[in-house]
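One file, protein-v5.tsv, carrying TSV, C-alpha atoms and all ligand atoms:
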```tsv
chain	number	residue	atom	x	y	z
A	1	MET	CA	0.00	0.00	0.00
A	2	ILE	CA	2.81	2.37	0.81
A	3	ASP	CA	4.20	1.86	-2.68
A	4	LYS	CA	0.87	2.69	-4.20
A	5	ILE	CA	0.70	5.90	-2.18
A	6	ASN	CA	4.20	6.97	-3.18
A	7	GLN	CA	3.56	6.19	-6.80
A	8	LEU	CA	0.33	8.19	-6.84
A	9	ARG	CA	2.02	11.09	-5.12
A	10	ALA	CA	4.73	11.27	-7.76
A	11	GLU	CA	2.10	11.11	-10.47
A	12	ILE	CA	0.00	13.87	-8.91
A	13	GLU	CA	2.93	16.20	-8.40
A	14	ALA	CA	3.53	16.04	-12.14
A	15	ILE	CA	-0.04	16.57	-13.33
A	16	ASN	CA	-0.85	19.42	-15.65
A	17	ALA	CA	-3.93	20.70	-17.42
A	18	SER	CA	-4.56	23.11	-20.27
A	19	SER	CA	-8.26	23.63	-19.72
A	20	LEU	CA	-10.77	23.70	-16.90
A	21	ASP	CA	-12.37	20.57	-18.36
A	22	GLU	CA	-9.08	18.73	-17.95
A	23	VAL	CA	-8.87	19.84	-14.33
A	24	GLU	CA	-12.34	18.47	-13.76
A	25	ALA	CA	-11.36	15.18	-15.39
A	26	LEU	CA	-8.38	14.95	-13.02
A	27	ARG	CA	-10.61	15.63	-10.03
A	28	ILE	CA	-12.85	12.77	-11.11
A	29	LYS	CA	-9.85	10.53	-11.69
A	30	TYR	CA	-8.49	11.01	-8.16
A	31	LEU	CA	-11.21	12.26	-5.87
A	32	SER	CA	-14.62	11.06	-7.11
A	33	LYS	CA	-16.37	8.04	-5.62
A	34	LYS	CA	-14.58	5.79	-8.10
A	35	GLY	CA	-11.35	7.75	-8.00
A	36	ALA	CA	-7.90	6.42	-7.19
A	37	ILE	CA	-7.62	8.06	-3.79
A	38	THR	CA	-11.12	7.01	-2.75
A	39	ALA	CA	-10.12	3.45	-3.64
A	40	LEU	CA	-7.05	3.71	-1.44
A	41	MET	CA	-9.23	4.94	1.43
A	42	GLN	CA	-11.29	1.81	1.02
A	43	ASP	CA	-8.18	-0.43	1.10
A	44	PHE	CA	-7.06	1.41	4.22
A	45	ARG	CA	-9.88	-0.24	6.22
A	46	THR	CA	-8.21	-3.62	5.80
A	47	VAL	CA	-4.75	-2.46	6.87
A	48	PRO	CA	-3.40	-4.08	10.07
A	49	ALA	CA	-3.87	-1.85	13.13
A	50	GLU	CA	-0.14	-1.24	13.74
A	51	GLN	CA	0.30	0.29	10.24
A	52	LYS	CA	-2.81	2.48	10.45
A	53	ARG	CA	-1.10	5.46	12.00
A	54	GLU	CA	1.68	5.83	9.44
A	55	LEU	CA	-0.45	4.99	6.42
A	56	GLY	CA	-3.31	7.20	7.55
A	57	GLN	CA	-0.97	10.16	7.75
A	58	LYS	CA	0.46	9.46	4.28
A	59	LEU	CA	-3.00	9.11	2.81
A	60	ASN	CA	-4.14	12.40	4.28
A	61	GLU	CA	-1.05	14.13	2.93
A	62	LEU	CA	-1.76	12.71	-0.49
A	63	LYS	CA	-5.30	14.03	-0.38
A	64	THR	CA	-4.09	17.50	0.51
A	65	VAL	CA	-1.48	17.40	-2.26
A	66	VAL	CA	-4.05	16.54	-4.91
A	67	THR	CA	-6.63	19.07	-3.67
A	68	ASP	CA	-4.03	21.87	-3.60
A	69	ARG	CA	-2.65	20.93	-6.97
A	70	LEU	CA	-6.08	20.91	-8.61
A	71	ALA	CA	-6.97	24.27	-7.02
A	72	ALA	CA	-3.71	25.78	-8.28
A	73	LEU	CA	-4.33	24.52	-11.81
A	74	ARG	CA	-7.89	25.86	-11.78
A	75	GLU	CA	-6.78	29.26	-10.59
A	76	ALA	CA	-4.05	29.54	-13.18
A	77	LEU	CA	-6.53	28.76	-15.93
A	78	GLU	CA	-9.14	31.22	-14.68
A	79	ASN	CA	-6.73	34.18	-14.67
A	80	THR	CA	-5.26	33.87	-18.12
A	81	ASP	CA	-5.09	37.65	-18.69
A	82	THR	CA	-1.48	38.61	-18.58
A	83	VAL	CA	-0.55	42.28	-18.94
A	84	GLU	CA	0.58	41.62	-22.50
A	85	ASP	CA	-2.74	40.07	-23.44
A	86	SER	CA	-4.94	42.87	-22.08
A	87	LEU	CA	-2.83	45.87	-23.10
A	88	ASP	CA	-3.57	46.59	-26.72
A	89	LEU	CA	-2.36	50.08	-27.44
A	90	THR	CA	-3.90	50.07	-30.91
A	91	ARG	CA	-7.41	49.36	-29.66
A	92	THR	CA	-9.94	52.24	-29.99
A	93	ALA	CA	-10.89	53.68	-26.64
A	94	ALA	CA	-14.30	52.85	-25.21
A	95	PRO	CA	-16.71	55.65	-26.19
A	96	MET	CA	-17.19	58.23	-23.44
A	97	PRO	CA	-20.83	59.27	-23.07
A	98	LEU	CA	-21.05	63.00	-23.81
A	99	GLY	CA	-23.11	65.22	-21.56
A	100	SER	CA	-25.65	67.68	-22.89
A	101	ARG	CA	-26.33	71.34	-22.23
A	102	HIS	CA	-29.26	72.32	-20.07
A	103	PRO	CA	-32.21	73.57	-22.17
A	104	LEU	CA	-32.17	76.87	-20.27
A	105	SER	CA	-28.50	77.35	-21.14
A	106	LEU	CA	-29.20	76.55	-24.79
A	107	VAL	CA	-31.94	79.15	-24.97
A	108	LYS	CA	-30.03	81.73	-22.94
A	109	ASP	CA	-27.04	81.37	-25.26
A	110	GLU	CA	-29.26	81.75	-28.28
A	111	ILE	CA	-30.79	84.97	-26.89
A	112	ILE	CA	-27.29	86.30	-26.17
A	113	SER	CA	-26.12	85.41	-29.63
A	114	ILE	CA	-29.07	87.20	-31.31
A	115	PHE	CA	-28.51	90.39	-29.32
A	116	SER	CA	-24.76	90.30	-29.76
A	117	ARG	CA	-25.33	90.44	-33.54
A	118	LEU	CA	-26.97	93.83	-32.84
A	119	GLY	CA	-23.95	95.02	-30.89
A	120	PHE	CA	-25.15	94.26	-27.35
A	121	THR	CA	-22.55	93.03	-24.87
A	122	ILE	CA	-23.07	91.00	-21.72
A	123	ALA	CA	-23.27	92.68	-18.32
A	124	GLU	CA	-23.72	90.90	-15.01
A	125	GLY	CA	-24.66	91.87	-11.48
A	126	PRO	CA	-24.98	90.20	-8.08
A	127	GLU	CA	-27.91	87.96	-7.12
A	128	ILE	CA	-27.81	89.29	-3.56
A	129	GLU	CA	-28.76	92.91	-4.06
A	130	ASP	CA	-29.82	96.02	-2.22
A	131	ASP	CA	-33.09	97.90	-2.33
A	132	TRP	CA	-31.62	100.74	-4.38
A	133	HIS	CA	-30.62	98.66	-7.41
A	134	VAL	CA	-33.67	96.39	-7.44
A	135	PHE	CA	-36.38	98.94	-6.58
A	136	SER	CA	-35.61	102.56	-5.72
A	137	SER	CA	-33.36	103.44	-8.65
A	138	LEU	CA	-35.94	101.82	-10.93
A	139	ASN	CA	-38.69	104.17	-9.84
A	140	PHE	CA	-40.61	101.72	-7.63
A	141	ALA	CA	-42.84	103.66	-5.22
A	142	GLU	CA	-42.18	103.20	-1.48
A	143	ASP	CA	-45.36	101.18	-1.10
A	144	HIS	CA	-45.02	99.08	-4.25
A	145	PRO	CA	-46.26	95.52	-3.54
A	146	ALA	CA	-43.04	93.97	-4.90
A	147	ARG	CA	-41.26	95.36	-1.85
A	148	ASP	CA	-43.43	93.15	0.33
A	149	MET	CA	-42.01	90.08	2.11
A	150	GLN	CA	-44.72	88.11	0.31
A	151	ASP	CA	-43.02	88.71	-3.01
A	152	THR	CA	-39.37	89.25	-2.25
A	153	PHE	CA	-36.83	87.23	-0.26
A	154	PHE	CA	-35.10	89.48	2.25
A	155	ILE	CA	-31.87	88.36	3.87
A	156	GLN	CA	-31.24	88.60	7.61
A	157	ARG	CA	-34.49	90.54	8.20
A	158	ASN	CA	-32.70	93.52	6.77
A	159	PRO	CA	-34.99	95.28	4.28
A	160	ASP	CA	-31.94	96.53	2.43
A	161	VAL	CA	-30.45	93.12	1.60
A	162	LEU	CA	-32.49	90.96	-0.72
A	163	LEU	CA	-32.39	88.46	-3.56
A	164	ARG	CA	-32.97	90.29	-6.81
A	165	THR	CA	-36.47	89.77	-8.17
A	166	HIS	CA	-35.49	90.76	-11.71
A	167	THR	CA	-32.37	91.37	-13.79
A	168	SER	CA	-33.43	94.99	-14.29
A	169	SER	CA	-31.16	95.69	-11.30
A	170	VAL	CA	-28.19	95.21	-13.63
A	171	GLN	CA	-29.43	98.19	-15.70
A	172	SER	CA	-28.95	100.60	-12.82
A	173	ARG	CA	-25.61	99.05	-11.86
A	174	VAL	CA	-24.28	99.61	-15.37
A	175	MET	CA	-25.75	103.10	-15.85
A	176	GLU	CA	-24.25	104.21	-12.53
A	177	HIS	CA	-20.73	103.87	-13.85
A	178	THR	CA	-21.08	104.06	-17.65
A	179	GLN	CA	-22.12	106.98	-19.81
A	180	PRO	CA	-24.03	106.32	-23.07
A	181	PRO	CA	-23.91	104.81	-25.57
A	182	ILE	CA	-24.89	101.75	-23.55
A	183	ARG	CA	-26.00	98.55	-25.23
A	184	ILE	CA	-26.07	95.64	-22.81
A	185	ILE	CA	-27.79	92.37	-22.25
A	186	CYS	CA	-27.95	90.90	-18.77
A	187	PRO	CA	-28.70	87.20	-18.32
A	188	GLY	CA	-29.12	85.86	-14.81
A	189	ARG	CA	-31.06	84.10	-12.10
A	190	VAL	CA	-33.79	85.87	-10.16
A	191	TYR	CA	-35.78	84.96	-7.04
A	192	ARG	CA	-39.37	85.46	-5.92
A	193	ASN	CA	-41.19	84.31	-2.85
A	194	GLU	CA	-43.59	81.93	-4.61
A	195	ALA	CA	-44.81	78.45	-3.74
A	196	ILE	CA	-43.29	75.96	-6.20
A	197	SER	CA	-45.77	74.57	-8.72
A	198	ALA	CA	-45.88	73.70	-12.42
A	199	ARG	CA	-46.43	77.38	-13.24
A	200	ALA	CA	-44.40	79.24	-10.60
A	201	HIS	CA	-41.00	78.76	-9.02
A	202	CYS	CA	-39.05	80.55	-6.33
A	203	PHE	CA	-36.14	81.01	-8.75
A	204	PHE	CA	-36.02	81.39	-12.50
A	205	HIS	CA	-33.97	83.11	-15.20
A	206	GLN	CA	-34.28	86.36	-17.07
A	207	VAL	CA	-32.49	88.23	-19.77
A	208	GLU	CA	-32.64	92.00	-19.69
A	209	ALA	CA	-31.60	94.29	-22.54
A	210	LEU	CA	-30.89	98.01	-22.32
A	211	TYR	CA	-30.02	100.53	-25.00
A	212	VAL	CA	-29.34	104.15	-24.06
A	213	ASP	CA	-28.04	106.78	-26.45
A	214	GLU	CA	-29.05	110.04	-28.10
A	215	ASN	CA	-32.27	109.74	-30.14
A	216	VAL	CA	-33.19	106.19	-29.20
A	217	SER	CA	-36.87	105.87	-30.10
A	218	PHE	CA	-39.76	103.49	-29.69
A	219	ALA	CA	-39.28	102.57	-33.35
A	220	ASP	CA	-35.79	101.30	-32.49
A	221	LEU	CA	-37.32	99.19	-29.74
A	222	ARG	CA	-39.95	97.76	-32.05
A	223	GLN	CA	-37.44	96.90	-34.76
A	224	THR	CA	-35.14	95.23	-32.24
A	225	LEU	CA	-38.05	93.18	-30.92
A	226	LEU	CA	-39.09	92.11	-34.40
A	227	TYR	CA	-35.54	91.07	-35.25
A	228	PHE	CA	-35.27	89.11	-32.02
A	229	ALA	CA	-38.63	87.35	-32.50
A	230	ARG	CA	-37.82	86.31	-36.06
A	231	GLU	CA	-34.33	85.07	-35.23
A	232	MET	CA	-35.65	83.13	-32.26
A	233	PHE	CA	-38.91	81.72	-33.61
A	234	GLY	CA	-38.54	81.85	-37.38
A	235	PRO	CA	-38.88	84.42	-40.19
A	236	GLU	CA	-42.68	84.11	-40.40
A	237	THR	CA	-43.14	85.27	-36.79
A	238	LYS	CA	-45.33	88.35	-36.23
A	239	ILE	CA	-45.20	90.56	-33.14
A	240	ARG	CA	-47.74	92.76	-31.43
A	241	LEU	CA	-47.27	95.28	-28.62
A	242	ARG	CA	-49.91	95.86	-25.97
A	243	PRO	CA	-49.77	98.87	-23.64
A	244	SER	CA	-48.72	97.87	-20.12
A	245	TYR	CA	-47.19	99.33	-16.98
A	246	PHE	CA	-43.75	98.96	-15.38
A	247	PRO	CA	-42.38	101.54	-12.93
A	248	PHE	CA	-39.09	101.87	-14.83
A	249	THR	CA	-40.44	102.40	-18.36
A	250	GLU	CA	-42.74	105.01	-19.87
A	251	PRO	CA	-44.46	104.12	-22.09
A	252	SER	CA	-44.43	100.40	-21.30
A	253	ALA	CA	-45.59	97.48	-23.37
A	254	GLU	CA	-45.86	93.74	-23.41
A	255	MET	CA	-44.94	91.89	-26.53
A	256	ASP	CA	-46.82	88.92	-27.97
A	257	ILE	CA	-45.62	86.79	-30.85
A	258	SER	CA	-47.84	84.88	-33.24
A	259	CYS	CA	-48.24	81.42	-31.70
A	260	ASN	CA	-45.29	79.35	-32.90
A	261	LEU	CA	-47.28	76.10	-32.63
A	262	CYS	CA	-50.27	76.96	-34.83
A	263	GLY	CA	-48.71	79.84	-36.75
A	264	GLY	CA	-51.36	82.24	-35.41
A	265	LYS	CA	-54.44	80.26	-36.44
A	266	GLY	CA	-55.41	79.52	-32.83
A	267	CYS	CA	-54.82	76.34	-30.83
A	268	GLY	CA	-54.98	75.02	-27.26
A	269	PHE	CA	-51.47	76.33	-26.55
A	270	CYS	CA	-52.34	79.98	-27.33
A	271	LYS	CA	-55.85	79.57	-25.87
A	272	HIS	CA	-57.23	80.04	-29.39
A	273	THR	CA	-56.04	83.64	-29.58
A	274	GLY	CA	-53.21	83.05	-32.07
A	275	TRP	CA	-50.82	85.05	-29.82
A	276	VAL	CA	-48.52	84.22	-26.90
A	277	GLU	CA	-46.95	86.73	-24.54
A	278	ILE	CA	-43.16	86.67	-24.30
A	279	LEU	CA	-41.74	89.81	-22.74
A	280	GLY	CA	-42.09	93.25	-21.16
A	281	CYS	CA	-40.46	96.37	-22.55
A	282	GLY	CA	-40.64	100.14	-22.85
A	283	MET	CA	-38.77	103.43	-23.04
A	284	VAL	CA	-36.57	103.92	-19.99
A	285	ASP	CA	-38.36	106.30	-17.61
A	286	PRO	CA	-36.42	109.61	-17.37
A	287	ASN	CA	-36.56	109.24	-13.57
A	288	VAL	CA	-34.44	106.08	-13.89
A	289	LEU	CA	-31.85	107.74	-16.10
A	290	ASP	CA	-31.57	110.66	-13.68
A	291	ALA	CA	-31.37	108.36	-10.63
A	292	CYS	CA	-28.42	106.59	-12.27
A	293	GLY	CA	-26.58	109.78	-13.25
A	294	ILE	CA	-27.49	109.93	-16.94
A	295	ASP	CA	-28.79	113.19	-18.36
A	296	SER	CA	-32.40	112.47	-19.35
A	297	LYS	CA	-32.57	115.66	-21.41
A	298	LYS	CA	-29.82	114.46	-23.66
A	299	TYR	CA	-30.35	110.71	-23.72
A	300	THR	CA	-33.24	108.32	-24.19
A	301	GLY	CA	-33.28	104.56	-24.06
A	302	PHE	CA	-35.30	101.41	-24.29
A	303	ALA	CA	-35.30	98.34	-22.07
A	304	LEU	CA	-36.80	94.90	-22.29
A	305	GLY	CA	-36.88	91.87	-20.06
A	306	MET	CA	-37.88	88.28	-20.71
A	307	GLY	CA	-38.08	85.01	-18.80
A	308	VAL	CA	-35.75	82.33	-20.16
A	309	GLU	CA	-38.12	79.59	-18.92
A	310	ARG	CA	-40.96	81.20	-20.84
A	311	ILE	CA	-39.00	81.27	-24.11
A	312	THR	CA	-37.82	77.69	-23.51
A	313	ASN	CA	-41.40	76.60	-22.92
A	314	LEU	CA	-42.37	78.11	-26.27
A	315	LYS	CA	-39.44	76.57	-28.12
A	316	TYR	CA	-39.61	73.09	-26.59
A	317	GLN	CA	-43.12	72.93	-25.07
A	318	ILE	CA	-41.91	72.30	-21.54
A	319	SER	CA	-44.79	73.60	-19.49
A	320	ASP	CA	-43.88	72.29	-16.02
A	321	LEU	CA	-41.29	74.68	-14.56
A	322	ARG	CA	-40.12	72.10	-12.03
A	323	MET	CA	-38.55	69.99	-14.80
A	324	PHE	CA	-35.83	72.62	-15.19
A	325	SER	CA	-34.42	72.12	-11.72
A	326	GLU	CA	-35.14	68.47	-10.97
A	327	ASN	CA	-32.07	67.17	-12.82
A	328	ASP	CA	-33.88	64.15	-14.17
A	329	LYS	CA	-31.46	62.61	-16.66
A	330	ARG	CA	-34.28	61.36	-18.88
A	331	PHE	CA	-35.40	64.96	-19.34
A	332	LEU	CA	-31.91	66.45	-19.76
A	333	GLU	CA	-30.74	63.81	-22.25
A	334	GLN	CA	-33.36	64.93	-24.73
A	335	PHE	CA	-31.36	68.08	-25.45
A	336	ARG	CA	-28.29	66.38	-26.95
B	1	LIG	N1	-38.36	93.40	-14.82
B	1	LIG	C1	-39.62	92.97	-15.39
B	1	LIG	C2	-40.09	91.70	-14.66
B	1	LIG	O1	-39.34	91.11	-13.97
B	1	LIG	C3	-39.45	92.66	-16.83
B	1	LIG	C4	-39.23	93.89	-17.62
B	1	LIG	C5	-40.30	94.60	-18.12
B	1	LIG	C6	-37.97	94.36	-17.88
B	1	LIG	C7	-40.13	95.73	-18.87
B	1	LIG	C8	-37.77	95.52	-18.60
B	1	LIG	C9	-38.89	96.19	-19.11
B	1	LIG	O2	-36.57	96.00	-18.88
B	1	LIG	O3	-38.69	97.30	-19.83
B	1	LIG	O4	-41.22	91.35	-14.82
```
Do you think you could lay out the structure here as structure tokens?
Amino acid sequence: MIDKINQLRAEIEAINASSLDEVEALRIKYLSKKGAITALMQDFRTVPAEQKRELGQKLNELKTVVTDRLAALREALENTDTVEDSLDLTRTAAPMPLGSRHPLSLVKDEIISIFSRLGFTIAEGPEIEDDWHVFSSLNFAEDHPARDMQDTFFIQRNPDVLLRTHTSSVQSRVMEHTQPPIRIICPGRVYRNEAISARAHCFFHQVEALYVDENVSFADLRQTLLYFAREMFGPETKIRLRPSYFPFTEPSAEMDISCNLCGGKGCGFCKHTGWVEILGCGMVDPNVLDACGIDSKKYTGFALGMGVERITNLKYQISDLRMFSENDKRFLEQFR
């Protein structure tokens, strides 16, 4: 029996395999119910008692040797990737998924690009503002409802520190330190104390435009608006101006464009009127020019302000404002 054990041991130490199937075949050959080692275990029962100790030890060793050897072979075959195999410098890189721009950024950039073709340059101002730039310099009366806590976020209970409610504040910031000609466009985020719903949000985005020079007229405003509307919504677009009121413009107007969904025929989107409102505008009130240190006898100007969400809604029919800030990838990926 001892010879058999030694012989098997020598055989096992030399075994090799080139596939996992071969390893399995070896396991069956030695360790299965009908395997060589199992057979030896059976013979062991008949061994005289005084040899049991020595032979038992040898048999156990043999079993360990074969189990270890088979495990080593299996492992070697499972990890066949050597550095040379996996490093192929000529292989094309895995494609990197590209991100997409936010729809509000796309529309904001388009507005900027249209106005920059007319010679407007970008101006920016702070989101945390003071009363003067947001309200007083823009001719808001002391008791104007916009100054109420219900509409405006004040910071630190200080009525002089607030989140700007419109980008018109950038107008006064620029006019304070620049003499005409001024031709600026001011994109930015604004805040209002509103409950969040599909139609209202506590923050949104606006773009403001301001043109101040000698002899700027309402006709200049109208032509600028028409150019903007046609560049943004297509050459067939019509505009109409309705009289309105803003403290900082006189006269003031709101501009509608012919509904870009039905072309003005009337549909559910434009409530069957054929028109949709897109912005507010007017001639800068002389009080505003004077408050900002610009001679209102010499200069006139026009201003306009629009909501970026509103324009985006018209371009892409996104009517729920909450979509813009929820960061749902399924929504954002549609703007590739
Ligand atoms: N600031 C106004 C708002 O937030 C929008 C606006 C209206 C801006 C008329 C203007 C303007 O410059 O002339 O509703």
(request) Find, counting all atoms listed in the file, the residue in A:Phe228, A:Tyr245, A:Phe324, A:Trp275 that gets nearest to His201 of chain A. (result)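 When distances to His201 of chain A are compared using all atoms listed in the file, the smallest one comes from A:Phe324.
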(message) What does the list of residues within 6 Å of ligand LIG 1 (chain B) look like if you count all atoms listed in the file, written as a PyMOL selection string?
(response) chain A and resi 166+168+208+246+249+280-282+303-305
Taking all atoms listed in the file into account, produce a table as a Markdown table in which each residue of segment 57-124 of chain A with an atom at most 12 Å from an atom of segment 314-317 of chain A appears once, together with its shortest atom pair and the distance in Å to one decimal, ordered by chain and rising number.
```
| residue | atom | partner | partner_atom | distance |
| --- | --- | --- | --- | --- |
| A:Pro103 | CA | A:Tyr316 | CA | 8.6 |
| A:Leu104 | CA | A:Tyr316 | CA | 10.5 |
| A:Leu106 | CA | A:Lys315 | CA | 10.8 |
| A:Val107 | CA | A:Lys315 | CA | 8.5 |
| A:Lys108 | CA | A:Lys315 | CA | 11.9 |
| A:Glu110 | CA | A:Lys315 | CA | 11.4 |
```
(request) Write out as number ranges by chain which residues come within 8 Å of Arg336 of chain A when counting all atoms listed in the file, dropping same-chain ones fewer than 5 positions away. (result) A: 99-101
Write out the residues from the selection above, keeping C-alpha atoms, as a PDB file, keeping the file's coordinate frame.
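Listed below is the output, result.pdb:
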```pdb
ATOM      1  CA  GLY A  99     -23.110  65.220 -21.560  1.00  0.00           C
ATOM      2  CA  SER A 100     -25.650  67.680 -22.890  1.00  0.00           C
ATOM      3  CA  ARG A 101     -26.330  71.340 -22.230  1.00  0.00           C
TER       4      ARG A 101
END
```
(message) Here is a test: counting only C-alpha atoms, which residue of A:Gly119, A:Gly125, A:Pro247, A:Pro181 is nearest to Ala146 of chain A?
(response)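 With only C-alpha atoms as the atom set, the closest residue is A:Pro247.
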(request) Compare A:Phe44, A:Tyr30, A:Phe203, A:Phe153 by their minimum atom-to-atom distance to Leu70 of chain A, counting only C-alpha atoms, and give me the closest one. (result)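 Closest candidate: A:Tyr30.
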(request) Go through A:Met232, A:Cys259, A:Val190, A:Ala94 one by one, measure the shortest atom-to-atom distance of each to Glu129 of chain A using all atoms listed in the file, and give the residue with the smallest value. (result)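 Closest to Glu129 of chain A, using all atoms listed in the file: A:Val190.
Residue nearest Val66 of chain A, chosen from A:Lys34, A:Arg27, A:Lys52, A:His177 and counting all atoms listed in the file: A:Arg27.
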(request) Kindly indicate which residue among A:Asp160, A:Met306, A:Glu231, A:Gly274 lies nearest to Arg189 of chain A, using all atoms listed in the file for the distances. (result)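 Comparing A:Asp160, A:Met306, A:Glu231, A:Gly274 against Arg189 of chain A, the winner is A:Met306.
Omitting Met149 of chain A and its sequence neighbours fewer than 6 positions away, and counting all atoms listed in the file, the residues within 10 Å are Arg157, Pro159, Leu162, Arg192 and Asn193 of chain A.
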(request) In the coordinates of the file, take the point (-31.7, 98.0, -20.4) and a cut-off of 9 Å; then, counting only C-alpha atoms, name each qualifying protein, DNA or RNA residue as JSON, numbers by chain. (result) {"A": [168, 170, 171, 172, 182, 183, 184, 185, 186, 208, 209, 210, 211, 212, 284, 301, 302, 303, 304, 305]}
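From atom CA of Leu279 of chain A back to atom CA of Lys238 of chain A, the distance works out to 14.0 Å.
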(request) For atom CA of Phe218 of chain A and atom CA of Met283 of chain A, quote the distance in Å rounded to one decimal. (result)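 Atom-to-atom, atom CA of Phe218 of chain A to atom CA of Met283 of chain A, that is 6.7 Å.
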Each segment 99-206 of chain A residue no farther than 9 Å from segment 286-298 of chain A, nearest pair in Å, all atoms listed in the file, as JSON lines:
```
{"residue": "A:Ser136", "atom": "CA", "partner": "A:Ala291", "partner_atom": "CA", "distance": 8.7}
{"residue": "A:Ser137", "atom": "CA", "partner": "A:Ala291", "partner_atom": "CA", "distance": 5.7}
{"residue": "A:Leu138", "atom": "CA", "partner": "A:Val288", "partner_atom": "CA", "distance": 5.4}
{"residue": "A:Asn139", "atom": "CA", "partner": "A:Val288", "partner_atom": "CA", "distance": 6.2}
{"residue": "A:Ser172", "atom": "CA", "partner": "A:Cys292", "partner_atom": "CA", "distance": 6.0}
{"residue": "A:Arg173", "atom": "CA", "partner": "A:Cys292", "partner_atom": "CA", "distance": 8.1}
{"residue": "A:Val174", "atom": "CA", "partner": "A:Cys292", "partner_atom": "CA", "distance": 8.7}
{"residue": "A:Met175", "atom": "CA", "partner": "A:Cys292", "partner_atom": "CA", "distance": 5.7}
{"residue": "A:Glu176", "atom": "CA", "partner": "A:Cys292", "partner_atom": "CA", "distance": 4.8}
{"residue": "A:His177", "atom": "CA", "partner": "A:Cys292", "partner_atom": "CA", "distance": 8.3}
{"residue": "A:Thr178", "atom": "CA", "partner": "A:Ile294", "partner_atom": "CA", "distance": 8.7}
{"residue": "A:Gln179", "atom": "CA", "partner": "A:Ile294", "partner_atom": "CA", "distance": 6.8}
{"residue": "A:Pro180", "atom": "CA", "partner": "A:Ile294", "partner_atom": "CA", "distance": 7.9}
```
Kindly provide, as AutoDock Vina command-line options, the centre and edge lengths (Å, one decimal) of an axis-aligned box around all atoms of segment 96-110 of chain A given in the file, with 5 Å on each side.
```
--center_x -24.7 --center_y 70.0 --center_z -24.2 --size_x 25.0 --size_y 33.5 --size_z 18.2
```
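Taking atom CA of Pro126 of chain A and atom CA of Asp143 of chain A as endpoints, the distance between them is 24.2 Å.
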Need the neighbours of (-0.2, 5.9, 4.0): which residues are at most 12 Å away, counting all atoms listed in the file, as a CSV table (one decimal) with C-alpha atoms, in the frame of the given file?
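The resulting file, out-v3.csv, is reproduced below:
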```csv
chain,number,residue,atom,x,y,z
A,1,MET,CA,0.0,0.0,0.0
A,2,ILE,CA,2.8,2.4,0.8
A,3,ASP,CA,4.2,1.9,-2.7
A,4,LYS,CA,0.9,2.7,-4.2
A,5,ILE,CA,0.7,5.9,-2.2
A,6,ASN,CA,4.2,7.0,-3.2
A,7,GLN,CA,3.6,6.2,-6.8
A,8,LEU,CA,0.3,8.2,-6.8
A,9,ARG,CA,2.0,11.1,-5.1
A,37,ILE,CA,-7.6,8.1,-3.8
A,40,LEU,CA,-7.0,3.7,-1.4
A,41,MET,CA,-9.2,4.9,1.4
A,43,ASP,CA,-8.2,-0.4,1.1
A,44,PHE,CA,-7.1,1.4,4.2
A,45,ARG,CA,-9.9,-0.2,6.2
A,47,VAL,CA,-4.8,-2.5,6.9
A,51,GLN,CA,0.3,0.3,10.2
A,52,LYS,CA,-2.8,2.5,10.4
A,53,ARG,CA,-1.1,5.5,12.0
A,54,GLU,CA,1.7,5.8,9.4
A,55,LEU,CA,-0.4,5.0,6.4
A,56,GLY,CA,-3.3,7.2,7.6
A,57,GLN,CA,-1.0,10.2,7.8
A,58,LYS,CA,0.5,9.5,4.3
A,59,LEU,CA,-3.0,9.1,2.8
A,60,ASN,CA,-4.1,12.4,4.3
A,61,GLU,CA,-1.0,14.1,2.9
A,62,LEU,CA,-1.8,12.7,-0.5
A,63,LYS,CA,-5.3,14.0,-0.4
```
(message) Give me the residues near Ile239 of chain A as a PyMOL selection string, where near means some atom within 7 Å (using only C-alpha atoms) and where sequence neighbours in that chain fewer than 6 positions away do not count.
(response) chain A and resi 226+255-258
(request) Quick one: everything within 12 Å of Ala17 of chain A, counting all atoms listed in the file, minus sequence neighbours fewer than 3 positions away in the same chain. Send it as a list of chain:residue names. (result)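 Returned residues: A:Ile12, A:Ala14, A:Leu20, A:Asp21, A:Glu22, A:Val23, A:Glu24, A:Ala25, A:Leu26, A:Arg27, A:Arg69, A:Leu70, A:Ala71, A:Ala72, A:Leu73, A:Arg74, A:Glu75, A:Ala76, A:Leu77.
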